[in-house]
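Asks: You'll find input_3.txt just under this line, and it carries compact mmCIF, C-alpha atoms.
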```txt
# COMPACT_ATOMS: atom_id res chain seq x y z
CA MET A 1 4.95 -24.74 -5.42
CA ALA A 2 8.60 -23.74 -5.03
CA ALA A 3 9.38 -20.33 -3.57
CA GLU A 4 10.80 -17.70 -5.92
CA ALA A 5 12.73 -14.55 -5.15
CA GLY A 6 10.40 -12.13 -3.43
CA TRP A 7 7.57 -14.68 -3.16
CA HIS A 8 7.61 -16.54 0.15
CA ASN A 9 5.81 -19.73 1.19
CA PRO A 10 4.71 -20.19 4.81
CA PRO A 11 3.78 -23.61 6.21
CA VAL A 12 0.87 -25.49 4.61
CA VAL A 13 -2.53 -24.04 5.35
CA ASN A 14 -4.63 -25.87 7.94
CA ASP A 15 -7.73 -27.02 6.03
CA ASP A 16 -9.60 -27.96 9.22
CA PRO A 17 -12.58 -25.55 9.48
CA ALA A 18 -12.04 -25.36 13.25
CA PRO A 19 -9.19 -22.88 13.91
CA PRO A 20 -6.29 -23.84 16.18
CA ALA A 21 -6.86 -23.09 19.85
CA GLY A 22 -6.58 -19.43 20.75
CA LEU A 23 -7.22 -18.04 17.27
CA VAL A 24 -10.15 -15.83 16.31
CA THR A 25 -13.18 -17.87 15.25
CA LEU A 26 -15.70 -17.31 12.48
CA THR A 27 -18.42 -16.96 15.12
CA GLU A 28 -16.51 -14.13 16.80
CA ILE A 29 -16.16 -12.29 13.49
CA GLU A 30 -19.87 -12.72 12.73
CA THR A 31 -20.70 -11.32 16.18
CA ALA A 32 -18.37 -8.37 15.54
CA ARG A 33 -20.23 -7.61 12.33
CA ASP A 34 -23.40 -7.10 14.37
CA THR A 35 -21.53 -4.61 16.58
CA LEU A 36 -20.18 -2.74 13.56
CA ARG A 37 -23.28 -2.92 11.38
CA HIS A 38 -24.37 0.69 11.97
CA VAL A 39 -20.85 2.09 12.35
CA VAL A 40 -18.83 1.03 9.30
CA ARG A 41 -19.65 1.14 5.61
CA ARG A 42 -20.09 -2.03 3.62
CA THR A 43 -17.54 -0.89 1.08
CA PRO A 44 -18.13 -1.63 -2.61
CA LEU A 45 -16.48 -4.27 -4.77
CA GLU A 46 -15.52 -2.70 -8.11
CA GLY A 47 -14.40 -4.61 -11.19
CA SER A 48 -11.04 -3.77 -12.79
CA ARG A 49 -10.80 -4.38 -16.55
CA PRO A 50 -7.05 -3.68 -16.85
CA LEU A 51 -6.23 -6.13 -14.07
CA ALA A 52 -8.68 -8.68 -15.46
CA ALA A 53 -6.89 -8.47 -18.82
CA LEU A 54 -3.59 -9.27 -17.06
CA VAL A 55 -4.94 -12.15 -15.00
CA GLY A 56 -7.23 -13.62 -17.66
CA GLY A 57 -10.39 -13.48 -15.55
CA PRO A 58 -12.38 -11.23 -13.23
CA VAL A 59 -10.50 -9.01 -10.78
CA TYR A 60 -12.32 -6.88 -8.20
CA LEU A 61 -11.16 -4.11 -5.90
CA LYS A 62 -12.49 -4.15 -2.33
CA CYS A 63 -12.60 -0.40 -1.72
CA GLU A 64 -11.70 0.10 1.93
CA ASN A 65 -10.19 3.41 0.83
CA LEU A 66 -13.83 4.55 0.80
CA GLN A 67 -14.36 3.44 4.41
CA ARG A 68 -15.03 5.96 7.16
CA ALA A 69 -11.78 7.70 8.14
CA GLY A 70 -10.28 6.54 4.84
CA SER A 71 -9.21 2.99 5.69
CA PHE A 72 -10.24 -0.36 7.17
CA LYS A 73 -8.87 0.65 10.59
CA ILE A 74 -12.18 1.89 12.02
CA ARG A 75 -13.45 -1.71 12.08
CA GLY A 76 -10.94 -3.05 14.59
CA ALA A 77 -10.55 0.21 16.49
CA TYR A 78 -14.28 0.61 17.16
CA LEU A 79 -14.71 -3.04 18.18
CA ARG A 80 -11.75 -2.83 20.60
CA ILE A 81 -12.91 0.39 22.28
CA SER A 82 -16.55 -0.71 22.40
CA ARG A 83 -15.52 -3.72 24.49
CA LEU A 84 -13.74 -1.67 27.16
CA SER A 85 -15.47 -1.26 30.50
CA GLY A 86 -17.07 2.05 31.41
CA GLN A 87 -14.16 2.85 33.75
CA GLN A 88 -11.60 2.02 31.07
CA ARG A 89 -13.32 4.34 28.61
CA ALA A 90 -13.42 7.06 31.26
CA ASN A 91 -9.62 6.75 31.57
CA GLY A 92 -9.26 7.37 27.84
CA VAL A 93 -7.36 5.42 25.20
CA VAL A 94 -3.95 5.81 23.58
CA ALA A 95 -2.63 4.59 20.24
CA ALA A 96 0.43 4.81 18.01
CA SER A 97 0.21 5.15 14.25
CA ALA A 98 1.62 6.72 11.10
CA GLY A 99 -1.90 7.78 10.20
CA ASN A 100 -4.62 5.27 9.37
CA HIS A 101 -4.90 3.60 12.77
CA ALA A 102 -4.70 7.07 14.32
CA GLN A 103 -7.74 8.22 12.39
CA GLY A 104 -9.63 5.00 13.03
CA VAL A 105 -9.06 5.20 16.79
CA ALA A 106 -9.82 8.93 16.86
CA LEU A 107 -13.15 8.44 15.06
CA ALA A 108 -14.05 5.42 17.20
CA GLY A 109 -13.25 7.37 20.35
CA GLN A 110 -15.39 10.26 19.16
CA LEU A 111 -18.33 7.94 18.43
CA LEU A 112 -17.99 6.23 21.82
CA GLY A 113 -17.34 9.36 23.87
CA THR A 114 -13.77 8.42 24.85
CA GLU A 115 -10.77 10.75 24.99
CA VAL A 116 -8.05 9.70 22.56
CA THR A 117 -4.32 10.41 22.55
CA VAL A 118 -2.30 9.33 19.53
CA TYR A 119 1.49 9.19 19.25
CA MET A 120 2.70 9.60 15.70
CA PRO A 121 6.27 9.45 14.37
CA HIS A 122 7.99 12.71 13.46
CA GLY A 123 7.53 13.24 9.74
CA ALA A 124 4.06 11.66 9.65
CA SER A 125 1.86 12.92 6.83
CA ILE A 126 0.51 16.39 7.62
CA ALA A 127 -2.83 15.41 6.09
CA LYS A 128 -3.08 12.38 8.39
CA VAL A 129 -2.06 14.39 11.44
CA GLU A 130 -4.68 17.07 10.78
CA ALA A 131 -7.37 14.50 10.02
CA THR A 132 -6.64 12.77 13.35
CA ARG A 133 -6.96 16.05 15.19
CA ALA A 134 -10.18 16.81 13.31
CA TYR A 135 -11.73 13.69 14.86
CA GLY A 136 -10.98 15.14 18.30
CA ALA A 137 -7.80 13.30 19.24
CA THR A 138 -4.77 14.80 20.96
CA VAL A 139 -1.70 14.19 18.78
CA ALA A 140 1.85 13.92 20.15
CA PHE A 141 5.03 12.96 18.31
CA SER A 142 7.71 10.45 19.23
CA GLY A 143 10.48 8.80 17.24
CA THR A 144 10.67 8.36 13.49
CA THR A 145 8.85 5.01 13.13
CA VAL A 146 5.58 3.52 14.30
CA ASP A 147 7.52 1.15 16.56
CA GLU A 148 9.19 4.08 18.33
CA ALA A 149 5.87 5.89 18.68
CA LEU A 150 4.36 2.69 20.10
CA LYS A 151 6.95 2.63 22.90
CA GLU A 152 5.84 6.09 23.99
CA ALA A 153 2.18 5.09 23.73
CA ARG A 154 2.85 2.16 26.08
CA ALA A 155 4.60 4.50 28.52
CA HIS A 156 1.63 6.88 28.33
CA ALA A 157 -0.75 4.00 29.13
CA GLU A 158 1.32 3.06 32.18
CA ARG A 159 1.48 6.68 33.41
CA THR A 160 -2.18 7.54 32.96
CA GLY A 161 -4.16 4.30 33.03
CA ALA A 162 -5.34 4.85 29.45
CA ALA A 163 -6.10 1.69 27.49
CA LEU A 164 -3.59 0.98 24.72
CA ILE A 165 -5.32 0.35 21.38
CA HIS A 166 -2.66 -1.61 19.54
CA PRO A 167 -2.73 -1.20 15.74
CA PHE A 168 -2.67 -4.96 15.05
CA ASP A 169 -1.57 -7.18 17.95
CA HIS A 170 -4.91 -7.77 19.67
CA ARG A 171 -7.74 -10.27 19.12
CA ASP A 172 -10.42 -7.56 18.93
CA ILE A 173 -8.48 -5.71 16.22
CA ILE A 174 -8.12 -8.89 14.13
CA THR A 175 -11.76 -9.76 14.71
CA GLY A 176 -12.96 -6.35 13.57
CA GLN A 177 -10.81 -6.41 10.43
CA GLY A 178 -12.14 -9.91 9.70
CA THR A 179 -15.57 -8.46 8.88
CA ILE A 180 -14.08 -7.48 5.51
CA GLY A 181 -13.65 -11.19 4.74
CA LEU A 182 -17.34 -11.79 5.39
CA GLU A 183 -18.25 -9.00 2.99
CA ILE A 184 -15.94 -10.32 0.28
CA LEU A 185 -17.55 -13.77 0.36
CA GLU A 186 -21.01 -12.21 0.16
CA GLN A 187 -20.11 -9.79 -2.64
CA CYS A 188 -18.08 -12.30 -4.69
CA PRO A 189 -19.29 -15.82 -3.80
CA ASP A 190 -17.09 -17.47 -6.45
CA VAL A 191 -13.86 -15.73 -5.36
CA ARG A 192 -10.76 -17.91 -5.72
CA THR A 193 -8.00 -15.53 -4.61
CA ILE A 194 -7.84 -12.68 -2.08
CA VAL A 195 -4.83 -10.34 -1.99
CA VAL A 196 -4.22 -8.18 1.08
CA ALA A 197 -1.64 -5.50 1.99
CA THR A 198 0.26 -6.50 5.13
CA GLY A 199 2.15 -4.50 7.72
CA GLY A 200 1.74 -5.79 11.26
CA GLY A 201 -0.72 -8.36 9.95
CA GLY A 202 -4.06 -7.55 11.60
CA LEU A 203 -5.89 -7.08 8.30
CA VAL A 204 -4.73 -10.21 6.48
CA ALA A 205 -5.08 -12.26 9.68
CA GLY A 206 -8.68 -11.16 10.15
CA ILE A 207 -9.71 -11.65 6.52
CA ALA A 208 -8.11 -15.10 6.38
CA ALA A 209 -9.70 -16.12 9.69
CA ALA A 210 -13.11 -15.18 8.26
CA VAL A 211 -12.63 -16.79 4.86
CA LYS A 212 -10.74 -20.04 5.42
CA PRO A 213 -13.24 -21.78 7.75
CA GLN A 214 -15.93 -21.25 5.10
CA ARG A 215 -13.86 -21.59 1.90
CA ALA A 216 -10.65 -23.56 2.33
CA ASP A 217 -10.29 -23.50 -1.47
CA VAL A 218 -9.77 -19.71 -1.52
CA THR A 219 -6.10 -18.69 -1.68
CA VAL A 220 -5.23 -15.78 0.60
CA TYR A 221 -2.06 -13.81 -0.12
CA GLY A 222 -0.46 -11.18 2.08
CA VAL A 223 1.63 -8.51 0.37
CA GLN A 224 4.49 -6.52 1.91
CA ALA A 225 6.77 -3.82 0.56
CA ALA A 226 10.08 -5.55 -0.20
CA ALA A 227 11.96 -2.83 1.71
CA ALA A 228 9.84 -3.39 4.84
CA ALA A 229 9.05 -7.11 4.79
CA ALA A 230 9.23 -8.56 8.30
CA TYR A 231 6.91 -11.50 7.71
CA PRO A 232 9.02 -13.87 5.55
CA ALA A 233 11.73 -14.30 8.18
CA SER A 234 9.16 -14.37 10.98
CA ILE A 235 7.14 -17.10 9.26
CA ALA A 236 10.29 -19.17 8.78
CA ALA A 237 11.38 -18.66 12.40
CA GLY A 238 7.93 -19.26 13.90
CA HIS A 239 8.13 -16.07 15.95
CA PRO A 240 8.36 -12.33 15.20
CA VAL A 241 11.74 -11.30 13.76
CA ARG A 242 12.53 -7.58 13.84
CA LEU A 243 13.93 -5.78 10.80
CA ASP A 244 17.05 -3.68 11.36
CA ARG A 245 15.94 -1.05 8.86
CA MET A 246 13.07 -0.12 6.55
CA ALA A 247 12.88 2.24 3.58
CA THR A 248 9.56 2.34 1.76
CA MET A 249 7.07 4.91 0.50
CA ALA A 250 4.31 2.69 1.94
CA ASP A 251 4.34 4.07 5.48
CA GLY A 252 1.05 2.35 6.28
CA ILE A 253 2.71 -1.09 6.12
CA ALA A 254 6.19 -0.10 7.30
CA ILE A 255 6.21 -2.22 10.46
CA ALA A 256 9.53 -3.60 11.73
CA SER A 257 8.07 -6.68 13.40
CA PRO A 258 4.82 -8.65 13.06
CA GLY A 259 2.48 -8.96 15.98
CA VAL A 260 2.55 -12.23 17.91
CA ILE A 261 -1.19 -12.75 17.52
CA PRO A 262 -1.41 -11.86 13.79
CA LEU A 263 1.61 -14.06 13.04
CA ALA A 264 -0.15 -17.07 14.58
CA HIS A 265 -3.15 -16.43 12.32
CA VAL A 266 -0.97 -15.92 9.24
CA ARG A 267 0.82 -19.22 9.86
CA ALA A 268 -2.52 -20.98 10.28
CA PHE A 269 -4.60 -19.41 7.52
CA VAL A 270 -2.57 -17.41 4.95
CA ASP A 271 -1.24 -19.30 1.93
CA GLU A 272 1.69 -17.09 0.93
CA MET A 273 3.36 -13.85 1.89
CA LEU A 274 4.55 -11.89 -1.16
CA THR A 275 6.77 -8.84 -1.52
CA VAL A 276 6.69 -6.05 -4.11
CA PRO A 277 9.31 -3.41 -5.01
CA GLU A 278 8.82 0.34 -4.74
CA ASP A 279 8.37 0.84 -8.49
CA ALA A 280 5.51 -1.66 -8.46
CA LEU A 281 3.79 0.29 -5.68
CA SER A 282 3.95 3.53 -7.64
CA ARG A 283 2.73 1.87 -10.85
CA ALA A 284 -0.18 0.34 -8.95
CA LEU A 285 -1.09 3.67 -7.40
CA LEU A 286 -1.11 5.25 -10.85
CA LEU A 287 -3.32 2.50 -12.27
CA CYS A 288 -5.80 2.94 -9.41
CA LEU A 289 -5.96 6.67 -10.10
CA GLU A 290 -6.15 6.51 -13.89
CA ARG A 291 -8.21 3.42 -14.54
CA ALA A 292 -10.21 2.78 -11.37
CA LYS A 293 -10.63 6.46 -10.39
CA MET A 294 -9.59 5.46 -6.86
CA VAL A 295 -7.38 7.60 -4.63
CA VAL A 296 -5.19 5.22 -2.66
CA GLU A 297 -2.01 5.51 -0.63
CA PRO A 298 1.03 3.35 -1.50
CA ALA A 299 0.21 0.80 1.20
CA GLY A 300 -3.38 0.71 -0.03
CA ALA A 301 -2.20 -0.20 -3.54
CA ALA A 302 0.13 -3.03 -2.45
CA SER A 303 -2.38 -5.73 -3.38
CA VAL A 304 -2.76 -4.27 -6.88
CA ALA A 305 1.02 -4.05 -7.21
CA ALA A 306 1.32 -7.79 -6.54
CA VAL A 307 -1.29 -8.61 -9.19
CA MET A 308 0.45 -6.37 -11.73
CA GLU A 309 3.88 -7.86 -10.98
CA ARG A 310 2.95 -11.53 -11.37
CA PRO A 311 -0.57 -11.81 -12.82
CA GLU A 312 -0.14 -15.46 -13.76
CA ARG A 313 0.18 -16.24 -10.07
CA PHE A 314 -3.43 -15.36 -9.21
CA GLU A 315 -6.40 -17.59 -10.03
CA PRO A 316 -9.53 -15.58 -10.89
CA PRO A 317 -11.90 -14.37 -9.68
CA VAL A 318 -9.45 -12.25 -7.68
CA VAL A 319 -10.29 -9.71 -4.98
CA ALA A 320 -7.56 -7.17 -4.21
CA VAL A 321 -8.17 -5.15 -1.06
CA LEU A 322 -7.51 -1.40 -1.35
CA SER A 323 -6.72 -0.96 2.32
CA GLY A 324 -6.57 2.84 2.55
CA GLY A 325 -6.77 6.13 0.72
CA ASN A 326 -5.23 8.61 3.15
CA ILE A 327 -2.41 10.23 1.22
CA ASP A 328 -0.77 13.62 1.54
CA PRO A 329 -1.40 15.68 -1.64
CA ILE A 330 2.29 16.59 -1.97
CA LEU A 331 3.29 12.94 -1.73
CA LEU A 332 0.57 12.09 -4.24
CA LEU A 333 2.07 14.52 -6.77
CA ARG A 334 5.51 12.95 -6.34
CA LEU A 335 4.17 9.42 -6.55
CA ILE A 336 2.19 10.14 -9.70
CA GLN A 337 5.37 11.32 -11.39
CA HIS A 338 7.33 8.35 -10.00
CA GLY A 339 4.62 5.99 -11.21
CA MET A 340 4.61 7.54 -14.66
CA ILE A 341 8.38 7.17 -14.91
CA ALA A 342 8.15 3.54 -13.76
CA ALA A 343 5.41 2.89 -16.33
CA GLY A 344 7.46 4.46 -19.16
CA ARG A 345 5.26 7.55 -19.31
CA TYR A 346 8.03 10.04 -18.48
CA LEU A 347 11.48 10.02 -20.00
CA ASP A 348 14.48 12.09 -18.91
CA ILE A 349 17.36 12.20 -21.42
CA ARG A 350 20.34 14.37 -22.32
CA VAL A 351 21.27 14.87 -25.97
CA ARG A 352 24.72 16.20 -26.96
CA VAL A 353 25.02 18.04 -30.26
CA PRO A 354 27.40 20.54 -31.89
CA ASP A 355 26.54 24.10 -30.86
CA ARG A 356 25.18 25.27 -34.19
CA PRO A 357 21.93 27.08 -35.09
CA GLY A 358 19.07 24.70 -35.81
CA ASN A 359 20.34 21.69 -33.84
CA LEU A 360 17.88 22.16 -30.98
CA ALA A 361 15.03 22.55 -33.46
CA GLY A 362 16.15 19.38 -35.24
CA VAL A 363 16.06 17.33 -32.03
CA LEU A 364 12.62 18.66 -31.10
CA GLN A 365 11.26 18.02 -34.59
CA LEU A 366 12.49 14.42 -34.60
CA LEU A 367 10.90 13.76 -31.20
CA GLY A 368 7.63 15.36 -32.27
CA GLU A 369 7.45 13.34 -35.47
CA ASN A 370 7.78 10.15 -33.41
CA GLY A 371 5.12 11.00 -30.83
CA GLY A 372 7.26 12.37 -28.01
CA ASN A 373 5.63 15.23 -26.08
CA VAL A 374 8.34 17.58 -24.77
CA LEU A 375 7.49 18.89 -21.29
CA ASP A 376 10.74 20.64 -20.36
CA VAL A 377 13.97 21.70 -22.08
CA VAL A 378 17.26 22.86 -20.52
CA HIS A 379 19.98 24.06 -22.92
CA SER A 380 23.52 24.01 -21.45
CA ARG A 381 26.82 25.07 -23.05
CA THR A 382 29.00 24.41 -20.00
CA GLY A 383 29.72 21.22 -18.09
CA PRO A 384 32.68 19.08 -17.02
CA GLU A 385 31.90 16.40 -19.63
CA LEU A 386 31.11 18.73 -22.55
CA HIS A 387 33.63 19.26 -25.33
CA LEU A 388 34.32 22.79 -26.48
CA GLY A 389 31.78 23.67 -29.16
CA ASP A 390 29.20 21.14 -27.97
CA VAL A 391 25.90 21.77 -26.21
CA GLU A 392 23.84 19.48 -23.99
CA ILE A 393 20.05 19.50 -24.27
CA GLU A 394 18.30 18.06 -21.22
CA LEU A 395 14.74 16.97 -22.04
CA THR A 396 11.78 15.70 -20.08
CA LEU A 397 9.30 13.91 -22.34
CA GLU A 398 5.87 12.42 -21.94
CA THR A 399 5.80 8.99 -23.60
CA ARG A 400 3.22 6.27 -24.10
CA SER A 401 5.12 3.28 -22.71
CA ASN A 402 8.59 1.90 -22.04
CA GLU A 403 8.65 0.59 -25.63
CA HIS A 404 7.80 4.03 -26.99
CA ALA A 405 10.59 5.56 -24.87
CA ARG A 406 13.09 3.02 -26.22
CA ASN A 407 11.97 3.81 -29.78
CA LEU A 408 12.48 7.56 -29.27
CA ILE A 409 16.01 6.98 -27.98
CA GLY A 410 16.67 4.66 -30.92
CA HIS A 411 15.52 7.29 -33.46
CA LEU A 412 17.78 9.91 -31.88
CA ARG A 413 20.83 7.63 -31.94
CA ALA A 414 20.08 6.50 -35.49
CA SER A 415 20.15 10.17 -36.50
CA GLY A 416 23.65 10.54 -35.06
CA TYR A 417 22.83 12.15 -31.72
CA ILE A 418 24.64 11.18 -28.52
CA VAL A 419 21.93 10.28 -26.00
CA ILE A 420 22.45 9.85 -22.25
CA GLU A 421 19.53 8.44 -20.27
CA GLY A 422 18.56 10.19 -17.05
CA SER A 423 18.74 13.81 -15.96
CA ALA A 424 21.92 15.59 -14.91
CA ALA A 425 20.70 15.36 -11.30
CA ASP A 426 20.56 11.54 -11.35
```
As structure tokens, please, write out the structure in this file.

Replies:
Amino acid sequence: MAAEAGWHNPPVVNDDPAPPAGLVTLTEIETARDTLRHVVRRTPLEGSRPLAALVGGPVYLKCENLQRAGSFKIRGAYLRISRLSGQQRANGVVAASAGNHAQGVALAGQLLGTEVTVYMPHGASIAKVEATRAYGATVAFSGTTVDEALKEARAHAERTGAALIHPFDHRDIITGQGTIGLEILEQCPDVRTIVVATGGGGLVAGIAAAVKPQRADVTVYGVQAAAAAAYPASIAAGHPVRLDRMATMADGIAIASPGVIPLAHVRAFVDEMLTVPEDALSRALLLCLERAKMVVEPAGAASVAAVMERPERFEPPVVAVLSGGNIDPILLLRLIQHGMIAAGRYLDIRVRVPDRPGNLAGVLQLLGENGGNVLDVVHSRTGPELHLGDVEIELTLETRSNEHARNLIGHLRASGYIVIEGSAAD
């Protein structure tokens, strides 16, 4: 299948059930499940009717947002720490994370009696910082990205002898995350497609390593935010390629460079690496909230965003992994509004009319008659673009869809009003 813009094809999947030398094996993942059996939750698989209607067949959400510590990260973190020697655990562990890995390592350390230090980037979610501390970890800040925080975590490990718990570039981490793949095959035996959010790659690598040896016919997709997509170039080059810059709301998958070990697994097992734009992430988050009643973070909704963007691309039954639900409430409020705008549920317009009594009432009446719910009105008689004797009415409306928004604008213009889309602040 030819590659399209934003949809990237890695090399052909190896259909041999025996993985290439050095990669995590199915047996290792099955052994890890025994270690994790009484530690992690077997998260539910929930059907999604709106996504099924798009795809034309069953779509299920693998709800790792309901996992302990709010994401899949506890799986790999606990397995990694549990395999340290007694002396290594006594020296403590150190990690770097924007939030989810931090909480997973902190909880794992608490369960295993190991002191945990976590370096987080400046500007990390307050909710994630406080949750990490609540699990008993010491939190320090360094840099503005996970990669910068990771440099300081490495330096801390060298200074103190603490074991570095890498967020994705370690066999134990991939092995632990792979237990999700085992659960998916058990919960949905006829699955044909699995869609997984991807940052450094530990999650998609683990799931694919668990699934492909058993079901080579299952298509596994990784999904990255288009503004933080390091995998396409790295897959093409055959080695990690670092991004110069990233700008995405999905901080959980904002990783400048893939891990060496996850990249090897992705090249061996993952069928395609996809990218999704920011608007798609916010629309997906809104759908998860409204229709699935699932609180997810932007990174956690990346798999849903991919399905919503190109539903014809995914053969059902589809399983989309909701990788995490740790989101700051303030960010959630902003993203809900952003998602509603992207979905055509909010409309900001400016209407220019002669400054005469009754004109404002006329605009509001026309909008009301056509189903527009006015949320906010600003009435301005001054402005650099306003003619003398004119007034500008800035309106925020709640609408049903993009088509409904277009119809409202059309009715206003047909009635002789000058309509400018967007607020004055845009």

Asks: Extract, using all atoms listed in the file, all DNA, RNA and protein residues at most 8 Å from segment 97-111 of chain A, discarding same-chain residues fewer than 5 positions from it, and format them as a PyMOL selection string.

Replies: chain A and resi 69-75+77-78+81+116+118-121+124-125+128-129+131-133+135-137+145-146+149-150+165+167+251-252+324+326

Asks: In Å, with one decimal, what is the gap from atom CA of Thr193 of chain A to atom CA of Val318 of chain A?

Replies: 4.7 Å

Asks: Taking the point (-19.9, -10.2, 11.5) as given in the file, collect each protein or nucleic acid residue that comes within 10 Å of it, counting only C-alpha atoms, and present the set as a list in words.

Replies: Leu26, Thr27, Glu28, Ile29, Glu30, Thr31, Ala32, Arg33, Asp34, Thr35, Leu36, Arg37, Thr175, Gly176, Gln177, Gly178, Thr179, Ile180, Gly181, Leu182, Glu183 and Ala210 of chain A

Asks: So how many Å separate atom CA of Gln337 of chain A and atom CA of Val363 of chain A, to one decimal?

Replies: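 Here the two named atoms are 24.0 Å from each other.
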
Asks: Counting all atoms listed in the file, which of A:Leu408, A:Val296, A:Val276, A:Met249 gets nearest to His338 of chain A?

Replies: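 The answer is A:Met249, which sits nearest to His338 of chain A.
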
Asks: In Å, rounded to a single decimal, give me how far atom CA of Val319 of chain A is from atom CA of Ala216 of chain A.

Replies: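 According to the coordinates, atom CA of Ala216 of chain A and atom CA of Val319 of chain A are separated by 15.7 Å.
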
Asks: Return the single residue from A:Ile174, A:Met294, A:Leu79, A:Ala414 that is closest to Gly200 of chain A, with distances computed using only C-alpha atoms.

Replies: A:Ile174

Asks: Up to 10 Å from (-12.2, -3.9, -4.8) in the file's coordinates: name the residues, counting only C-alpha atoms, as a PyMOL selection string.

Replies: chain A and resi 43-48+59-65+184+292+294+304+318-323
